[in-house]
Structures are given as structure tokens and as C-alpha cells.
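> Just one file: model35.pdb, with PDB, C-alpha atoms.
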```
ATOM      1  CA  MET X   1      83.837 -37.642  -8.202
ATOM      2  CA  LYS X   2      83.536 -41.202  -6.941
ATOM      3  CA  ASN X   3      83.682 -41.989  -3.243
ATOM      4  CA  THR X   4      86.955 -43.899  -3.463
ATOM      5  CA  ILE X   5      88.554 -45.442  -0.376
ATOM      6  CA  LEU X   6      92.021 -46.971  -0.133
ATOM      7  CA  LEU X   7      92.609 -49.753   2.403
ATOM      8  CA  VAL X   8      96.258 -50.400   3.293
ATOM      9  CA  ASP X   9      97.324 -53.401   5.391
ATOM     10  CA  ASP X  10      99.990 -56.068   4.972
ATOM     11  CA  GLU X  11      97.600 -58.789   6.191
ATOM     12  CA  ALA X  12      95.286 -60.166   3.496
ATOM     13  CA  ASN X  13      92.692 -61.293   6.062
ATOM     14  CA  VAL X  14      92.402 -57.743   7.454
ATOM     15  CA  LEU X  15      91.953 -56.293   3.962
ATOM     16  CA  SER X  16      89.247 -58.906   3.281
ATOM     17  CA  ALA X  17      87.461 -58.086   6.547
ATOM     18  CA  LEU X  18      87.520 -54.366   5.769
ATOM     19  CA  GLN X  19      86.222 -54.986   2.256
ATOM     20  CA  ARG X  20      83.384 -57.124   3.652
ATOM     21  CA  ALA X  21      82.513 -54.398   6.174
ATOM     22  CA  LEU X  22      82.227 -51.829   3.374
ATOM     23  CA  PHE X  23      80.769 -54.129   0.702
ATOM     24  CA  GLU X  24      77.225 -52.754   0.738
ATOM     25  CA  GLU X  25      78.334 -49.142   0.996
ATOM     26  CA  PRO X  26      78.414 -46.921  -2.128
ATOM     27  CA  TYR X  27      82.215 -46.782  -2.331
ATOM     28  CA  GLU X  28      84.863 -47.787  -4.799
ATOM     29  CA  VAL X  29      87.313 -49.713  -2.603
ATOM     30  CA  LEU X  30      90.982 -50.069  -3.531
ATOM     31  CA  THR X  31      93.530 -52.110  -1.591
ATOM     32  CA  ALA X  32      97.277 -52.034  -1.059
ATOM     33  CA  THR X  33      99.511 -54.362   0.931
ATOM     34  CA  SER X  34     102.162 -51.778   1.845
ATOM     35  CA  GLY X  35     102.700 -48.060   2.186
ATOM     36  CA  GLU X  36     104.765 -48.064  -0.998
ATOM     37  CA  ASP X  37     101.956 -49.827  -2.874
ATOM     38  CA  GLY X  38      99.454 -47.366  -1.407
ATOM     39  CA  LEU X  39     101.448 -44.399  -2.712
ATOM     40  CA  LYS X  40     101.506 -46.004  -6.179
ATOM     41  CA  GLN X  41      97.704 -46.389  -6.063
ATOM     42  CA  LEU X  42      97.359 -42.676  -5.295
ATOM     43  CA  ILE X  43      99.195 -41.734  -8.492
ATOM     44  CA  SER X  44      96.421 -43.157 -10.656
ATOM     45  CA  HIS X  45      93.352 -42.837  -8.385
ATOM     46  CA  ARG X  46      91.819 -39.853  -6.616
ATOM     47  CA  VAL X  47      91.055 -41.149  -3.141
ATOM     48  CA  LYS X  48      88.850 -39.432  -0.569
ATOM     49  CA  VAL X  49      89.625 -41.643   2.450
ATOM     50  CA  ILE X  50      92.523 -43.897   3.428
ATOM     51  CA  ILE X  51      92.364 -46.510   6.165
ATOM     52  CA  SER X  52      95.882 -47.695   6.968
ATOM     53  CA  ASP X  53      97.366 -50.170   9.397
ATOM     54  CA  GLU X  54     100.140 -48.827  11.630
ATOM     55  CA  ARG X  55     102.530 -51.782  11.775
ATOM     56  CA  MET X  56     103.664 -52.867   8.339
ATOM     57  CA  PRO X  57     107.060 -53.986   7.079
ATOM     58  CA  GLY X  58     109.086 -51.304   5.345
ATOM     59  CA  MET X  59     107.101 -48.087   5.605
ATOM     60  CA  ASP X  60     104.887 -48.062   8.707
ATOM     61  CA  GLY X  61     101.436 -46.511   8.717
ATOM     62  CA  SER X  62     102.533 -43.255  10.337
ATOM     63  CA  GLU X  63     105.203 -42.736   7.669
ATOM     64  CA  PHE X  64     102.753 -43.631   4.920
ATOM     65  CA  LEU X  65     100.027 -41.303   6.169
ATOM     66  CA  SER X  66     102.552 -38.521   6.694
ATOM     67  CA  ALA X  67     103.651 -38.901   3.036
ATOM     68  CA  VAL X  68      99.985 -38.854   1.991
ATOM     69  CA  ARG X  69      99.428 -35.667   4.012
ATOM     70  CA  GLU X  70     102.337 -34.006   2.164
ATOM     71  CA  LYS X  71     101.319 -35.076  -1.361
ATOM     72  CA  TYR X  72      97.525 -35.316  -1.027
ATOM     73  CA  PRO X  73      96.542 -33.104   1.938
ATOM     74  CA  GLU X  74      92.828 -33.198   1.081
ATOM     75  CA  THR X  75      92.657 -36.984   1.547
ATOM     76  CA  VAL X  76      91.160 -37.912   4.920
ATOM     77  CA  ARG X  77      93.361 -40.351   6.852
ATOM     78  CA  ILE X  78      92.241 -43.050   9.309
ATOM     79  CA  MET X  79      94.674 -45.223  11.298
ATOM     80  CA  LEU X  80      93.956 -48.838  12.206
ATOM     81  CA  THR X  81      96.204 -50.773  14.576
ATOM     82  CA  GLY X  82      96.287 -53.970  16.561
ATOM     83  CA  HIS X  83      99.056 -52.603  18.774
ATOM     84  CA  ALA X  84      97.619 -49.433  20.202
ATOM     85  CA  SER X  85      99.886 -47.453  22.424
ATOM     86  CA  LEU X  86      99.737 -43.834  23.416
ATOM     87  CA  GLU X  87     103.090 -43.263  21.707
ATOM     88  CA  SER X  88     101.973 -44.725  18.353
ATOM     89  CA  ALA X  89      98.678 -42.832  18.521
ATOM     90  CA  MET X  90     100.454 -39.544  19.200
ATOM     91  CA  LYS X  91     102.966 -40.202  16.406
ATOM     92  CA  ALA X  92     100.191 -40.982  13.943
ATOM     93  CA  VAL X  93      98.090 -37.971  14.890
ATOM     94  CA  ASN X  94     101.014 -35.550  14.901
ATOM     95  CA  SER X  95     102.844 -36.677  11.765
ATOM     96  CA  GLY X  96      99.907 -37.734   9.614
ATOM     97  CA  GLU X  97      97.162 -35.479  10.959
ATOM     98  CA  ILE X  98      94.926 -38.499  11.458
ATOM     99  CA  TYR X  99      91.170 -37.961  11.359
ATOM    100  CA  ARG X 100      90.285 -41.097  13.365
ATOM    101  CA  PHE X 101      92.198 -43.871  15.135
ATOM    102  CA  PHE X 102      90.771 -47.417  15.455
ATOM    103  CA  THR X 103      92.108 -50.494  17.196
ATOM    104  CA  LYS X 104      91.767 -54.050  15.922
ATOM    105  CA  PRO X 105      89.296 -55.586  16.193
ATOM    106  CA  TRP X 106      87.154 -52.621  15.219
ATOM    107  CA  GLN X 107      83.439 -52.129  15.630
ATOM    108  CA  GLU X 108      81.952 -52.367  12.135
ATOM    109  CA  LEU X 109      79.256 -49.747  12.689
ATOM    110  CA  ASP X 110      81.768 -47.266  14.156
ATOM    111  CA  LEU X 111      84.077 -47.800  11.177
ATOM    112  CA  LYS X 112      81.248 -47.298   8.663
ATOM    113  CA  MET X 113      80.135 -44.116  10.424
ATOM    114  CA  ALA X 114      83.731 -42.817  10.471
ATOM    115  CA  VAL X 115      84.121 -43.440   6.738
ATOM    116  CA  THR X 116      80.816 -41.703   5.984
ATOM    117  CA  SER X 117      81.891 -38.753   8.128
ATOM    118  CA  ALA X 118      85.342 -38.682   6.487
ATOM    119  CA  ILE X 119      83.800 -38.540   3.000
ATOM    120  CA  GLU X 120      81.546 -35.688   4.107
ATOM    121  CA  LYS X 121      84.619 -33.887   5.501
ATOM    122  CA  PHE X 122      86.460 -34.370   2.196
ATOM    123  CA  ASP X 123      83.484 -33.079   0.177
ATOM    124  CA  LEU X 124      83.040 -30.016   2.414
ATOM    125  CA  ASN X 125      86.699 -29.063   2.071
ATOM    126  CA  LEU X 126      86.666 -29.000  -1.754
TER     127      LEU X 126
END
```
Rewrite the structure from the file as C-alpha cells, please.

Amino acid sequence: MKNTILLVDDEANVLSALQRALFEEPYEVLTATSGEDGLKQLISHRVKVIISDERMPGMDGSEFLSAVREKYPETVRIMLTGHASLESAMKAVNSGEIYRFFTKPWQELDLKMAVTSAIEKFDLNL
């Protein structure tokens, strides 16, 4: 199985930055600009790791990752937000069983290490 990652953010510049950060890594990287679009991607692609923004129009990241947890519980979920608050972090962790939580701007090395660790977690749980 490929090491497929789904990046979900409503801001094109954030998606581009994430793609650049992961460019040299051995991953197939998919993108979505909303939670709804992310769920559509999951119908046709088996994804090991999702990195999702918290604040998006329509379905927010916590709702999206909670839906992912219900339909694809093996997928490892990472939250990314520019508006970190204890309340949003608790909501994300509790409803979506988040593996890691990053704030914008993120540290590239930390993000890469988290994705590597998340893929290992996925593979061990098969």
C-alpha cells in the first residue's frame, strides 16, 4: 500500500507550503480545500494520514476529522490550526481522536517527523 497523505485546508498557500515541506518525502500527497472535499477524496483513495486545518468554512476540521474517525478509524489524524486555543484543541482531540496537534506556522522538521511516526502507527495497526 502506498504511503498516501491527505492535506485539507481552505487556504491554497497553506496547501502549497505543506506540499513543499513533504515534496522530497516518499509520499503520495492529495489535497482538498474543504472537509466535504476531503471526504470525497477518501471514497476513492486509501489514505494513511490526514493533516487538516481546524478553521474552514462549512465543515470545520474537528467535524471533518470526527467523520473520518467514524468512517475510516485506521487513518491517523493530525490537526493544524492558526487559532490555537485550549477549547479547540480539546474538541479536536476528543471528537476526532487526534494523533498530533500543530499550530501555524509549524516547524517543518517536527511536521515531517510526525508524519513519519503517523505512517508507522498506521502500518503497525494493520
> Edge lengths and centre, in Å to one decimal, as lines of an AutoDock Vina configuration file: that's what I need for the box along x, y and z that holds all listed atoms of range 57-70 of chain X plus 6 Å on each side.

```
center_x = 104.3
center_y = -44.0
center_z = 6.2
size_x = 21.7
size_y = 32.0
size_z = 20.3
```
> Using all atoms listed in the file, find the one residue out of X:Ile50, X:Ala118, X:Ile78, X:Met90 that sits nearest to Thr103 in chain X.
X:Ile78
> Could you work out how far CA of Asp10 in chain X lies from CA of Lys40 in chain X, giving the answer in Å with one decimal?
15.1 Å
> Choose the residue, out of X:Ala114, X:Leu65, X:Val76, X:Met1, that has the smallest atom-to-atom separation from Lys48 in chain X; count all atoms listed in the file.
X:Val76
> Could you pull the residues within 7 Å of range 23-32 of chain X, counting only C-alpha atoms, minus those fewer than 6 positions along the same chain, as a ChimeraX atom specification?
/X:3-9,38
> Do a neighbour search on range 53-55 of chain X at 9 Å with only C-alpha atoms, toss out local chain neighbours closer than 2 positions, and write the hits as a PyMOL selection string.
chain X and resi 7-10+51+57+59-64+78-84+88+92
> What does the distance from CA of Leu18 in chain X to CA of Glu108 in chain X come to in Å, to one decimal?
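CA of Leu18 in chain X sits 8.7 Å away from CA of Glu108 in chain X.
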> From the options X:Ile43, X:Ile98, X:Val93, X:Val49, which residue's atoms come nearest to Lys71 in chain X, counting only C-alpha atoms?
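Using only C-alpha atoms, the shortest distance to Lys71 in chain X belongs to X:Ile43.
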> Looking at all atoms listed in the file, which of X:Asn13, X:Ser66, X:Asn125, X:Thr75 is the one that sits closest to Arg46 in chain X?
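Of X:Asn13, X:Ser66, X:Asn125, X:Thr75, the one nearest Arg46 in chain X is X:Thr75, counting all atoms listed in the file.
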> One number please: CA of Glu36 in chain X to CA of Val115 in chain X, in Å, one decimal.
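Result for CA of Glu36 in chain X versus CA of Val115 in chain X: 22.5 Å, one decimal.
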> Which residue is closest to Ile119 in chain X? Choose from X:Leu22, X:Val14, X:Val47, X:Leu39 and count all atoms listed in the file.
X:Val47
> Which is closer to Leu111 in chain X than all the others in X:Leu126, X:Gly35, X:Gln19, X:Glu70, using only C-alpha atoms?
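Nearest candidate to Leu111 in chain X out of X:Leu126, X:Gly35, X:Gln19, X:Glu70: X:Gln19.
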